[in-house]
Amino acid sequence: MLKIEKRAVDSRWMQLGSPLIATVLTLITGAVLFAALGHDPFNALYTFFVLPVSDLYGVTELGLKVTPLLLCAMGLMLCYQAKVWNIGAEGQFVIGALGGGIAALYLPSLGAASLWVTLLFGILAGMAWSALAALLKTRFAANEILTTIMLNYIALNLMLYAVHGPLKDPSGFNFPESAMLPANTMLSTLIDGYRLHVGFLIALLAMVSVWVVSARSMIGFQIKVLGEDERAAAFAGFSTNKLVWYVLLISGGLAGLAGIAEVAGPVGQLNPYVAAGYGYSAIIVVFLGRMNPVGILIASALLALTYMGGEMAQMQLGLPKSLTGLFQGMLLFFLLACDLFISYRVTWSQMKRVEV
Amino acid sequence: MDIDLIANILFATLRTGTPLILIALGELVAEKAGVLNLGQEGMVLMGAVSGFIVATVTGSLTLGVFAAIAAGLLMSLLFGVLAISLVSNQVATGLALTIFGTGLSAFVGASYVGQGIEGITPWIVPVLSDIPLVGKALFAQDPLVYLSWVLFIGVYLFFKKSRGGLVVRAVGENPEAANAVGMKVTRVRYAAVLFGGAMSGLAGGYLSLAYTPLWTEGMSAGRGWIALALVVFASWKVSRVMLGAYLFGAASIMHLVLQGLGFEVSPNLLAMLPYVATILVLMILANDAAKAKLNTPLSLGQPYRPQV
Amino acid sequence: MYQIQLDSITKAYPGCVANNAVSLSVREGEIHALLGENGAGKSTLMKIIYGVVAPDAGTMIWRGQPVTVKGPNHARALGIGMVFQHFSLFETLTVLENIALSLPKSFSKDKDALKQKILDVSAKYGMLLDPDRYVHSLSIGEQQRVEIVRCLLQDVKLLILDEPTSVLTPQEVKVLFNTLQTLASEGCSILFISHKLDEVKSICTAATVLRGGVVTGAFDPRVTTVDEMAVAMVGADTPLDQHYPRATGQEVFLSLANLSCTTYDPFGVSLSNLNCQVKAGEIVGIAGVAGNGQEELLSLISGETLADDASMVCFDGHPVAKSGPGERRSLGLGFVPEERLGRGAVPDMSLADNALLTASAKGLVTNGLVDNKAVKVFAKKVVDSFNVKTASILSQAKSLSGGNLQKFIIGREILQAPKLLVCSHPTWGVDIGAAIQIRHSLIALRDQGCAVLIVSEDIDELYALCDRIGAICDGKLSPIRNTDEVSLTQLGKWMAGEMTPSNEVVETAHA
């Protein structure tokens, strides 16, 4: 009889193997799905996962999409290590975009410094938004999952209000979008003729910084203890409230930075579609990346690819773009199922008499 | 405000509150059994899209409603396999279910966006529906609104009177002890989760077949999450779910009231109201924490696997 | 006639054989002791009889017929009742609801009839109960009564009790024994799991001893000496009970002054006016039945809960009741909580990380960055000096046995040279070898001049270790007196809440 039993010690191999197996299972399921829809599965998978990055343009576009995912995910990583379930990266991203965008559009020009002011406002706006969640959690014991989700919806509506109302570009043919940002508030591109911008390097820098905090610092250790075992954290004297504020502010700041980098980068103006679900996809990135910076970088690339694959499948195969969300959801599901085998294993059980 | 406006506001409040009642009742049962399913939003969307497609293709609204329920059931079964049988983290699994359901519903419903359908029509009770003020709200609703009342009473009596209700509560409080005295913990938890899925699916069907008879991506607009907050707000008491749902229903249709009073406010700002209300409710609950603790299912969110 | 006969029952878990060809027979009307150290396999065997766990091999004969118990419901239908060590009760339900849930539907249909039956049975056996009370409002002893009455309602032929006396005051134990003897005289068999030999000698008429999952002896406790049974239980090569000389403390280190704390937790206990002093170079013990305020008291001393007035808790004269655990550690506090996994140590983290958990202020962190080398050196030192058996300091805490993990935690605290060590249940669930080592190190710490406070439910251990002793009941503390002047009867009265004023006079005289 097939039996699932608990391992005495967690399997390190499965820790790393699980995301790989999940990815393979997603690809297989995807192939079946494509076949069921009447497409050649190999060609479809090729179109989805390979074609988008088959030239330099594709690779730089991948980097462009990795940027917001990586920034959001590194902040969420700290939150989830502390088991602070911040689902609000999407809202913090939008508010960051809005705050930074307003600064760029309305503050007097400071020359080259305007870019830094813009980014700073984006970060602060994102932090302010996550600070609301921190306040609600530490002062009112409100569940952060619910508050951050609600704040996401509120943020989106604020953005809608802004671009339909006060921020609407008077010369924009009544589209719900702001005027274009001034040139001195825009992030410069890395390669001429491609959209990949300095924000990508900032994201890598942020990744390394968060890595140091998480892996080497005492605060990072405290965050992990809090997440693993709240009572042990209290016993050791780590302040739960302080750590909650800390992880939420960092993650809000990074998500806000991601938001303004998107506006001051490829988008160039405020519109309701800037977030594009990066804040939600970053959640999958963190789980898939094993809450480990290198893993998160790789997972960001994979998730970025699902965005591009969705667009490519729409153009080439006439499939809905929402394929992206489907693949992302499947990936996370398979991952969670595979994770069972980190602390459990499958055995054949038989009636046996143990010799004395 | 004239009396017709008030009657209409009451009518709309009850309609808007209905999907919240359905989702929250389902989630309440699941949580009472100790399972936290954050996948409501995904299940509602799958219910909405499945109900809409089946109703469009077959032309039968009844089949549509059943399809919506079936979709919710299947989604919750998926959750159950992961979170109950494979003891995965319930928070992560619920989030995955929402992300997956959002993606899948958008995918399968892509070609149905913008199509219209003849929605479920109200059952108007003669005479009674002419009662001033409340007649329209109570006796001129569509059958799913009436069904939500029946389900409400059913769940209320289940916990109040039946042994099954006791078993669910026992499993949710202490699965280990429940197993030790011979209850089938896994089976009870599956049943509770499946009930929650069916209710969310039904709520989705209500949205796409009765409330606004059409399908758009993400049309649940966070109702699954609001319903989750509602369960906390109700501190796991069935009787308070209905009250909460209608309060939220009222908050969601504030634009009707304001328009009636002649105010002009941005629809985007008004659309925030239910979300702001949810946060306010969560804040107010903080003062009640000790009392809520008595009602919170003690094993909520903790996976359990009997050792054999 | 035999009520139950087990033949060669075997049950293995990954990494350990809990029961290895265990055979055991219980006669009708017999009070049969199942003896063994922690981890000997007693609980697993009981769960097999009750159908909670399925054996890998072996047969069970119930009243002459071979049976396979399919589950607890089946066991109850056969006439087997079980009282668990950690009760299988639901705190948010009433007594009546709890009992109804474990009975067949036919029983629970008529609520009033069931209520009357509960009252009848509980009166008959001297275990008074109010069926409408919520279980969380009952004392531990009352909760045990609910479990027992629940079994008695169903015409029980074999009643299994897993360490029933460990949660009772000495007086409550007497009441329980009377009930058990009444039951036995009516023909009911009783399987009594224990590791307390004097209890077994006073009530049981047969005994089976388990060690490491194997039967190592079967005795008639009425004629066998305690020493013979002890050797079967722990092996001939393990040193038995130790006697430690008493010590007198010097200057006061810990003082609790009118410590009060109101809890808003519906499952918690409020403390009122606790007064107690622990001096350097002495061990003070606080006895008490679980759930009488021990947790609240301990977390007020550790700093996990803060009091309203800073002077309610003083370390060496410094008021600390409003300071967090970190500050208190810097003043010399070491703390060993009751829960080893999930408070004293993080289960999924390595021993090295768990060493850092409370020792971070001892030079393991520089400029906010963790000095991994120093952490490893410290963890290695704990493992070596306290003889912790582990594959490596990188092993997860949860992979260690209870005894080894407890040695690690106590070692971690002691090696930080505390001036006050607070220990909750220091040897609970620990094998005898580790228990003896832990007691030795506590005594050695005392002799070095550390103030030691032990809170425990194990009265024997408190008598063995403590220089002064008291008890806590319902959030109130008895006087603390020299251990040798406190009789077991007196301690039992304190544990039950009878804290007569005359004793306070004696306390003043001693202080």
# chains A, B, ... in the order shown; residues from 1 in each chain; ligands from 1
>>> residues_around(residues="C:Leu333", least_positions_apart="6", cutoff="7 Å", atoms="only C-alpha atoms", output="JSON, numbers by chain")
{"C": [418, 419, 420, 421]}
>>> write_last_selection(atoms="N, CA and C atoms", output="compact mmCIF listing (two decimals), in the first residue's frame")
# COMPACT_ATOMS: atom_id res chain seq x y z
N PRO C 418 24.24 32.45 34.24
CA PRO C 418 23.14 33.25 34.78
C PRO C 418 23.29 33.46 36.27
N LYS C 419 22.67 34.53 36.77
CA LYS C 419 22.61 34.71 38.22
C LYS C 419 21.29 34.18 38.75
N LEU C 420 20.32 34.05 37.84
CA LEU C 420 19.03 33.45 38.21
C LEU C 420 18.65 32.52 37.07
N LEU C 421 18.39 31.27 37.41
CA LEU C 421 17.91 30.34 36.38
C LEU C 421 16.48 29.94 36.74
>>> interface_residues(of="chain C", to="chain A", cutoff="6 Å", atoms="only C-alpha atoms", output="list of chain:residue names")
C:Asp56, C:Ala57, C:Pro325, C:Gly326, C:Gly342, C:Arg343, C:Thr358, C:Gly368, C:Leu369, C:Val370
>>> write_last_selection(atoms="N, CA and C atoms", output="mmCIF file, in the first residue's frame")
data_model
loop_
_atom_site.group_PDB
_atom_site.id
_atom_site.type_symbol
_atom_site.label_atom_id
_atom_site.label_comp_id
_atom_site.auth_asym_id
_atom_site.auth_seq_id
_atom_site.Cartn_x
_atom_site.Cartn_y
_atom_site.Cartn_z
ATOM 1 N N ASP C 56 1.642 -2.946 13.526
ATOM 2 C CA ASP C 56 2.218 -3.572 12.337
ATOM 3 C C ASP C 56 2.008 -5.082 12.389
ATOM 4 N N ALA C 57 2.043 -5.632 13.600
ATOM 5 C CA ALA C 57 1.890 -7.081 13.747
ATOM 6 C C ALA C 57 1.393 -7.380 15.151
ATOM 7 N N PRO C 325 12.404 40.720 27.820
ATOM 8 C CA PRO C 325 13.294 39.585 28.093
ATOM 9 C C PRO C 325 14.773 39.913 27.879
ATOM 10 N N GLY C 326 15.076 40.708 26.871
ATOM 11 C CA GLY C 326 16.476 41.020 26.579
ATOM 12 C C GLY C 326 17.147 41.729 27.741
ATOM 13 N N GLY C 342 9.283 24.968 20.055
ATOM 14 C CA GLY C 342 8.222 25.945 19.884
ATOM 15 C C GLY C 342 8.246 27.011 20.948
ATOM 16 N N ARG C 343 9.299 27.142 21.705
ATOM 17 C CA ARG C 343 9.502 28.277 22.595
ATOM 18 C C ARG C 343 10.960 28.290 23.028
ATOM 19 N N THR C 358 19.101 32.822 22.351
ATOM 20 C CA THR C 358 19.095 33.586 23.607
ATOM 21 C C THR C 358 20.476 34.125 23.960
ATOM 22 N N GLY C 368 25.626 44.534 14.418
ATOM 23 C CA GLY C 368 24.374 44.076 13.840
ATOM 24 C C GLY C 368 24.510 42.852 12.963
ATOM 25 N N LEU C 369 25.759 42.425 12.693
ATOM 26 C CA LEU C 369 25.943 41.221 11.874
ATOM 27 C C LEU C 369 26.298 40.044 12.772
ATOM 28 N N VAL C 370 25.774 38.886 12.412
ATOM 29 C CA VAL C 370 25.997 37.690 13.221
ATOM 30 C C VAL C 370 27.398 37.144 12.955
#
>>> closest_atom_pairs(of="chain C", to="chain B", cutoff="8 Å", atoms="only C-alpha atoms", output="JSON lines")
{"residue": "C:Val52", "atom": "CA", "partner": "B:Ala180", "partner_atom": "CA", "distance": 6.1}
{"residue": "C:Val53", "atom": "CA", "partner": "B:Val308", "partner_atom": "CA", "distance": 4.8}
{"residue": "C:Ala54", "atom": "CA", "partner": "B:Val308", "partner_atom": "CA", "distance": 6.0}
{"residue": "C:Gly71", "atom": "CA", "partner": "B:Gly182", "partner_atom": "CA", "distance": 6.2}
{"residue": "C:Pro72", "atom": "CA", "partner": "B:Gly182", "partner_atom": "CA", "distance": 4.7}
{"residue": "C:Asn73", "atom": "CA", "partner": "B:Gly182", "partner_atom": "CA", "distance": 5.4}
{"residue": "C:Phe87", "atom": "CA", "partner": "B:Ala177", "partner_atom": "CA", "distance": 7.4}
{"residue": "C:Ser88", "atom": "CA", "partner": "B:Ala177", "partner_atom": "CA", "distance": 4.2}
{"residue": "C:Leu89", "atom": "CA", "partner": "B:Ala177", "partner_atom": "CA", "distance": 6.4}
{"residue": "C:Phe90", "atom": "CA", "partner": "B:Ala170", "partner_atom": "CA", "distance": 6.1}
{"residue": "C:Glu91", "atom": "CA", "partner": "B:Glu173", "partner_atom": "CA", "distance": 7.9}
{"residue": "C:Thr92", "atom": "CA", "partner": "B:Leu294", "partner_atom": "CA", "distance": 7.0}
{"residue": "C:Leu93", "atom": "CA", "partner": "B:Ala170", "partner_atom": "CA", "distance": 7.9}
{"residue": "C:Glu97", "atom": "CA", "partner": "B:Leu166", "partner_atom": "CA", "distance": 7.5}
{"residue": "C:Leu101", "atom": "CA", "partner": "B:Val167", "partner_atom": "CA", "distance": 7.0}
{"residue": "C:Ser102", "atom": "CA", "partner": "B:Val181", "partner_atom": "CA", "distance": 6.1}
{"residue": "C:Tyr264", "atom": "CA", "partner": "B:Ala290", "partner_atom": "CA", "distance": 5.9}
{"residue": "C:Asp265", "atom": "CA", "partner": "B:Ala290", "partner_atom": "CA", "distance": 5.8}
{"residue": "C:Pro266", "atom": "CA", "partner": "B:Ala290", "partner_atom": "CA", "distance": 6.8}
>>> write_last_selection(atoms="C-alpha atoms", output="PDB file, in the first residue's frame")
ATOM      1  CA  VAL C  52      -6.225   5.085  17.427  1.00  0.00           C
ATOM      2  CA  VAL C  53      -3.066   3.496  16.051  1.00  0.00           C
ATOM      3  CA  ALA C  54      -2.921   0.280  14.029  1.00  0.00           C
ATOM      4  CA  GLY C  71     -11.127   2.776  15.768  1.00  0.00           C
ATOM      5  CA  PRO C  72     -12.086   4.474  19.018  1.00  0.00           C
ATOM      6  CA  ASN C  73     -15.785   4.074  18.290  1.00  0.00           C
ATOM      7  CA  PHE C  87      -7.289  15.129  27.566  1.00  0.00           C
ATOM      8  CA  SER C  88      -9.302  14.678  24.445  1.00  0.00           C
ATOM      9  CA  LEU C  89     -11.803  17.320  25.441  1.00  0.00           C
ATOM     10  CA  PHE C  90     -13.065  20.331  23.549  1.00  0.00           C
ATOM     11  CA  GLU C  91     -12.666  23.429  25.664  1.00  0.00           C
ATOM     12  CA  THR C  92     -15.258  25.593  23.957  1.00  0.00           C
ATOM     13  CA  LEU C  93     -17.999  22.992  24.357  1.00  0.00           C
ATOM     14  CA  GLU C  97     -21.715  18.365  24.546  1.00  0.00           C
ATOM     15  CA  LEU C 101     -19.941  13.657  21.014  1.00  0.00           C
ATOM     16  CA  SER C 102     -18.195  10.506  22.137  1.00  0.00           C
ATOM     17  CA  TYR C 264      -8.105  39.003  29.432  1.00  0.00           C
ATOM     18  CA  ASP C 265      -7.506  35.605  27.943  1.00  0.00           C
ATOM     19  CA  PRO C 266     -10.638  33.516  28.542  1.00  0.00           C
TER      20      PRO C 266
END
>>> closest_atom_pairs(of="chain B", to="chain A", cutoff="9 Å", atoms="only C-alpha atoms", output="Markdown table")
| residue | atom | partner | partner_atom | distance |
| --- | --- | --- | --- | --- |
| B:Val81 | CA | A:Ala337 | CA | 8.9 |
| B:Leu82 | CA | A:Ala337 | CA | 6.1 |
| B:Ala83 | CA | A:Ala337 | CA | 8.9 |
| B:Leu86 | CA | A:Leu340 | CA | 6.1 |
| B:Val87 | CA | A:Leu340 | CA | 7.1 |
| B:Ser88 | CA | A:Leu336 | CA | 6.3 |
| B:Asn89 | CA | A:Leu336 | CA | 7.8 |
| B:Val91 | CA | A:Trp85 | CA | 8.4 |
| B:Ala92 | CA | A:Leu336 | CA | 7.9 |
| B:Thr93 | CA | A:Leu336 | CA | 7.0 |
| B:Leu95 | CA | A:Ile283 | CA | 8.9 |
| B:Ala96 | CA | A:Gly329 | CA | 5.9 |
| B:Leu97 | CA | A:Gly329 | CA | 7.3 |
| B:Thr98 | CA | A:Gly329 | CA | 8.2 |
| B:Ile99 | CA | A:Gly329 | CA | 5.3 |
| B:Phe100 | CA | A:Gly329 | CA | 3.9 |
| B:Gly101 | CA | A:Gly329 | CA | 7.6 |
| B:Thr102 | CA | A:Gly325 | CA | 7.1 |
| B:Gly103 | CA | A:Gly325 | CA | 4.1 |
| B:Leu104 | CA | A:Leu326 | CA | 5.1 |
| B:Ser105 | CA | A:Leu326 | CA | 8.6 |
| B:Ala106 | CA | A:Ser322 | CA | 5.8 |
| B:Phe107 | CA | A:Ser322 | CA | 5.1 |
| B:Val108 | CA | A:Pro320 | CA | 8.6 |
| B:Ala110 | CA | A:Pro320 | CA | 6.4 |
| B:Ser111 | CA | A:Pro320 | CA | 8.5 |
| B:Ala221 | CA | A:Tyr153 | CA | 8.4 |
| B:Gly222 | CA | A:Tyr153 | CA | 7.8 |
| B:Trp225 | CA | A:Leu146 | CA | 6.7 |
| B:Ile226 | CA | A:Leu146 | CA | 7.8 |
| B:Leu228 | CA | A:Leu146 | CA | 7.8 |
| B:Ala229 | CA | A:Leu146 | CA | 6.6 |
| B:Ser266 | CA | A:Tyr161 | CA | 7.2 |
| B:Pro267 | CA | A:Tyr161 | CA | 8.1 |
| B:Asn268 | CA | A:Tyr161 | CA | 5.3 |
| B:Leu269 | CA | A:Tyr161 | CA | 6.5 |
| B:Leu270 | CA | A:Asn157 | CA | 9.0 |
| B:Ala271 | CA | A:Asn157 | CA | 7.1 |
| B:Met272 | CA | A:Ile154 | CA | 5.4 |
| B:Leu273 | CA | A:Ile154 | CA | 8.5 |
| B:Pro274 | CA | A:Met150 | CA | 8.8 |
| B:Tyr275 | CA | A:Met150 | CA | 5.2 |
| B:Val276 | CA | A:Met150 | CA | 7.2 |
| B:Thr278 | CA | A:Met150 | CA | 7.4 |
| B:Ile279 | CA | A:Thr147 | CA | 6.0 |
| B:Leu282 | CA | A:Ala142 | CA | 5.5 |
| B:Met283 | CA | A:Phe140 | CA | 5.4 |
| B:Ile284 | CA | A:Phe140 | CA | 7.8 |
| B:Leu285 | CA | A:Phe140 | CA | 7.9 |
| B:Ala286 | CA | A:Phe140 | CA | 5.0 |
| B:Asn287 | CA | A:Phe140 | CA | 8.0 |
| B:Ala289 | CA | A:Ala141 | CA | 8.4 |
| B:Gln307 | CA | A:Glu5 | CA | 8.5 |
>>> atom_distance(atom1="atom CA of C:Ala12", atom2="atom CA of C:Pro55")
8.3 Å
>>> select_by_dssp(residues="stretch 199-429 of chain C", states="strand (DSSP E or B)", output="tab-separated table (two decimals) with N, CA and C atoms, in the first residue's frame")
chain	number	residue	atom	x	y	z
C	206	ALA	N	-1.36	-6.10	39.63
C	206	ALA	CA	-0.47	-6.73	38.65
C	206	ALA	C	0.28	-5.61	37.95
C	207	ALA	N	1.44	-5.94	37.39
C	207	ALA	CA	2.20	-4.90	36.71
C	207	ALA	C	3.01	-5.48	35.57
C	208	THR	N	3.10	-4.77	34.48
C	208	THR	CA	3.95	-5.13	33.36
C	208	THR	C	4.89	-3.95	33.12
C	209	VAL	N	6.15	-4.24	32.90
C	209	VAL	CA	7.13	-3.16	32.73
C	209	VAL	C	7.65	-3.16	31.30
C	210	LEU	N	7.68	-1.98	30.72
C	210	LEU	CA	8.21	-1.81	29.36
C	210	LEU	C	9.50	-1.00	29.43
C	211	ARG	N	10.47	-1.37	28.60
C	211	ARG	CA	11.64	-0.52	28.43
C	211	ARG	C	12.06	-0.57	26.98
C	214	VAL	N	10.14	-2.96	24.75
C	214	VAL	CA	10.17	-4.40	25.02
C	214	VAL	C	9.69	-4.64	26.45
C	215	VAL	N	8.96	-5.74	26.67
C	215	VAL	CA	8.56	-6.08	28.03
C	215	VAL	C	9.78	-6.58	28.79
C	216	THR	N	10.08	-5.94	29.92
C	216	THR	CA	11.25	-6.36	30.69
C	216	THR	C	10.87	-6.96	32.03
C	217	GLY	N	9.59	-7.14	32.27
C	217	GLY	CA	9.22	-7.77	33.52
C	217	GLY	C	7.72	-7.77	33.73
C	218	ALA	N	7.22	-8.77	34.48
C	218	ALA	CA	5.81	-8.81	34.86
C	218	ALA	C	5.80	-9.18	36.34
C	219	PHE	N	5.15	-8.37	37.16
C	219	PHE	CA	5.24	-8.56	38.61
C	219	PHE	C	3.88	-8.51	39.25
C	252	VAL	N	19.16	37.94	48.56
C	252	VAL	CA	18.03	37.76	47.67
C	252	VAL	C	18.38	38.22	46.26
C	253	PHE	N	18.07	37.39	45.23
C	253	PHE	CA	18.25	37.86	43.86
C	253	PHE	C	16.91	38.21	43.22
C	254	LEU	N	16.03	37.24	43.21
C	254	LEU	CA	14.70	37.49	42.62
C	254	LEU	C	13.71	37.81	43.73
C	255	SER	N	12.97	38.90	43.57
C	255	SER	CA	11.89	39.08	44.52
C	255	SER	C	10.63	39.51	43.80
C	256	LEU	N	9.55	38.83	44.15
C	256	LEU	CA	8.23	39.17	43.63
C	256	LEU	C	7.51	39.89	44.77
C	257	ALA	N	7.04	41.11	44.50
C	257	ALA	CA	6.38	41.87	45.56
C	257	ALA	C	4.98	42.22	45.14
C	258	ASN	N	4.01	41.59	45.78
C	258	ASN	CA	2.59	41.81	45.47
C	258	ASN	C	2.32	41.76	43.98
C	259	LEU	N	2.91	40.78	43.34
C	259	LEU	CA	2.78	40.66	41.89
C	259	LEU	C	1.35	40.27	41.54
C	260	SER	N	0.68	41.12	40.79
C	260	SER	CA	-0.68	40.84	40.33
C	260	SER	C	-0.76	41.10	38.85
C	261	CYS	N	-1.60	40.38	38.21
C	261	CYS	CA	-1.75	40.58	36.77
C	261	CYS	C	-3.10	40.02	36.35
C	271	LEU	N	-3.34	36.53	38.23
C	271	LEU	CA	-2.52	36.35	39.43
C	271	LEU	C	-2.86	37.45	40.43
C	272	SER	N	-2.90	37.07	41.72
C	272	SER	CA	-3.16	38.13	42.69
C	272	SER	C	-2.17	38.07	43.85
C	273	ASN	N	-1.45	39.16	44.02
C	273	ASN	CA	-0.57	39.37	45.18
C	273	ASN	C	0.40	38.25	45.46
C	274	LEU	N	1.21	37.95	44.49
C	274	LEU	CA	2.21	36.92	44.71
C	274	LEU	C	3.45	37.53	45.37
C	275	ASN	N	3.94	36.86	46.42
C	275	ASN	CA	5.15	37.29	47.08
C	275	ASN	C	6.10	36.12	47.20
C	276	CYS	N	7.34	36.33	46.82
C	276	CYS	CA	8.28	35.22	46.87
C	276	CYS	C	9.68	35.78	46.66
C	277	GLN	N	10.64	35.15	47.31
C	277	GLN	CA	12.02	35.56	47.10
C	277	GLN	C	12.88	34.35	46.80
C	278	VAL	N	13.79	34.52	45.87
C	278	VAL	CA	14.75	33.44	45.60
C	278	VAL	C	16.14	34.02	45.83
C	279	LYS	N	16.91	33.32	46.66
C	279	LYS	CA	18.23	33.84	47.04
C	279	LYS	C	19.31	33.16	46.23
C	283	ILE	N	17.71	26.66	45.75
C	283	ILE	CA	16.71	26.29	44.76
C	283	ILE	C	15.34	26.39	45.41
C	284	VAL	N	14.48	27.19	44.81
C	284	VAL	CA	13.10	27.30	45.30
C	284	VAL	C	12.19	26.59	44.32
C	285	GLY	N	11.27	25.79	44.84
C	285	GLY	CA	10.35	25.06	43.97
C	285	GLY	C	8.93	25.53	44.16
C	286	ILE	N	8.20	25.60	43.07
C	286	ILE	CA	6.77	25.92	43.15
C	286	ILE	C	5.99	24.77	42.53
C	287	ALA	N	5.21	24.10	43.39
C	287	ALA	CA	4.39	22.99	42.91
C	287	ALA	C	3.05	23.52	42.47
C	313	VAL	N	8.44	42.91	40.11
C	313	VAL	CA	9.49	41.90	39.94
C	313	VAL	C	10.83	42.62	40.03
C	314	CYS	N	11.71	42.16	40.93
C	314	CYS	CA	13.04	42.78	41.04
C	314	CYS	C	14.12	41.73	40.87
C	315	PHE	N	15.15	42.07	40.11
C	315	PHE	CA	16.35	41.24	40.01
C	315	PHE	C	17.46	41.97	40.74
C	318	HIS	N	16.95	45.56	41.24
C	318	HIS	CA	16.50	46.38	40.12
C	318	HIS	C	15.06	46.04	39.77
C	319	PRO	N	14.19	47.05	39.73
C	319	PRO	CA	12.83	46.75	39.29
C	319	PRO	C	12.81	46.44	37.79
C	333	LEU	N	19.42	36.82	33.86
C	333	LEU	CA	18.38	35.80	33.82
C	333	LEU	C	18.70	34.71	32.80
C	334	GLY	N	18.53	33.48	33.23
C	334	GLY	CA	18.51	32.35	32.30
C	334	GLY	C	17.15	31.71	32.45
C	335	PHE	N	16.60	31.18	31.34
C	335	PHE	CA	15.21	30.72	31.42
C	335	PHE	C	15.04	29.46	30.59
C	336	VAL	N	14.45	28.45	31.21
C	336	VAL	CA	14.18	27.20	30.50
C	336	VAL	C	12.68	26.98	30.51
C	341	LEU	N	10.27	22.53	22.23
C	341	LEU	CA	10.12	22.84	20.81
C	341	LEU	C	9.01	23.86	20.69
C	345	ALA	N	13.21	26.33	21.83
C	345	ALA	CA	14.00	26.14	20.62
C	345	ALA	C	13.08	26.20	19.42
C	350	SER	N	18.66	25.07	13.09
C	350	SER	CA	19.77	24.24	13.54
C	350	SER	C	20.07	24.54	15.01
C	365	VAL	N	27.30	38.78	18.20
C	365	VAL	CA	26.86	39.72	17.16
C	365	VAL	C	27.73	40.97	17.22
C	366	THR	N	28.29	41.35	16.07
C	366	THR	CA	29.06	42.59	16.03
C	366	THR	C	28.50	43.50	14.95
C	369	LEU	N	25.76	42.43	12.69
C	369	LEU	CA	25.94	41.22	11.87
C	369	LEU	C	26.30	40.04	12.77
C	370	VAL	N	25.77	38.89	12.41
C	370	VAL	CA	26.00	37.69	13.22
C	370	VAL	C	27.40	37.14	12.95
C	396	GLN	N	18.70	19.97	12.77
C	396	GLN	CA	17.51	20.70	13.22
C	396	GLN	C	17.17	20.32	14.65
C	420	LEU	N	20.32	34.05	37.84
C	420	LEU	CA	19.03	33.45	38.21
C	420	LEU	C	18.65	32.52	37.07
C	421	LEU	N	18.39	31.27	37.41
C	421	LEU	CA	17.91	30.34	36.38
C	421	LEU	C	16.48	29.94	36.74
C	422	VAL	N	15.57	30.17	35.82
C	422	VAL	CA	14.19	29.78	36.03
C	422	VAL	C	13.91	28.59	35.13
C	423	CYS	N	13.41	27.50	35.74
C	423	CYS	CA	13.22	26.26	35.00
C	423	CYS	C	11.78	25.80	35.16
C	424	SER	N	11.13	25.57	34.04
C	424	SER	CA	9.79	25.04	34.12
C	424	SER	C	9.84	23.56	33.73
>>> residues_around(residues="stretch 401-413 of chain C", least_positions_apart="5", cutoff="10 Å", atoms="only C-alpha atoms", output="number ranges by chain")
C: 38-39, 329, 333-341, 344-345, 351, 354-359, 378-379, 381-390, 418, 421-423, 426-435, 437-438, 441-442
>>> atom_distance(atom1="atom CA of B:Gly204", atom2="atom CA of B:Ala68")
6.6 Å
>>> atom_distance(atom1="atom CA of B:Ile23", atom2="atom CA of B:Phe159")
17.1 Å
>>> select_by_dssp(residues="stretch 197-243 of chain C", states="alpha helix (DSSP H)", output="list in words")
Leu197, Asp198, Glu199, Val200, Lys201, Ser202, Ile203, Val226, Asp227, Glu228, Met229, Ala230, Val231, Ala232, Met233 and Val234 of chain C
>>> residues_around(residues="B:Arg240", least_positions_apart="3", cutoff="12 Å", atoms="only C-alpha atoms", output="JSON, numbers by chain")
{"B": [21, 24, 25, 28, 152, 156, 230, 231, 232, 233, 234, 235, 236, 237, 243, 244, 245, 246, 247]}
>>> residues_around(residues="stretch 205-207 of chain A", least_positions_apart="6", cutoff="12 Å", atoms="only C-alpha atoms", output="PyMOL selection string")
chain A and resi 66-78+198-199+213-215+250-251+253-255+257-258+291-297+300
>>> residues_around(residues="stretch 64-68 of chain C", least_positions_apart="3", cutoff="8 Å", atoms="only C-alpha atoms", output="CSV table (one decimal) with C-alpha atoms, in the first residue's frame")
chain,number,residue,atom,x,y,z
C,2,TYR,CA,-8.9,-12.6,31.0
C,3,GLN,CA,-10.5,-9.3,29.9
C,4,ILE,CA,-7.8,-8.6,27.3
C,59,THR,CA,-2.9,-10.1,17.9
C,60,MET,CA,-5.4,-8.9,20.5
C,61,ILE,CA,-7.9,-11.1,22.2
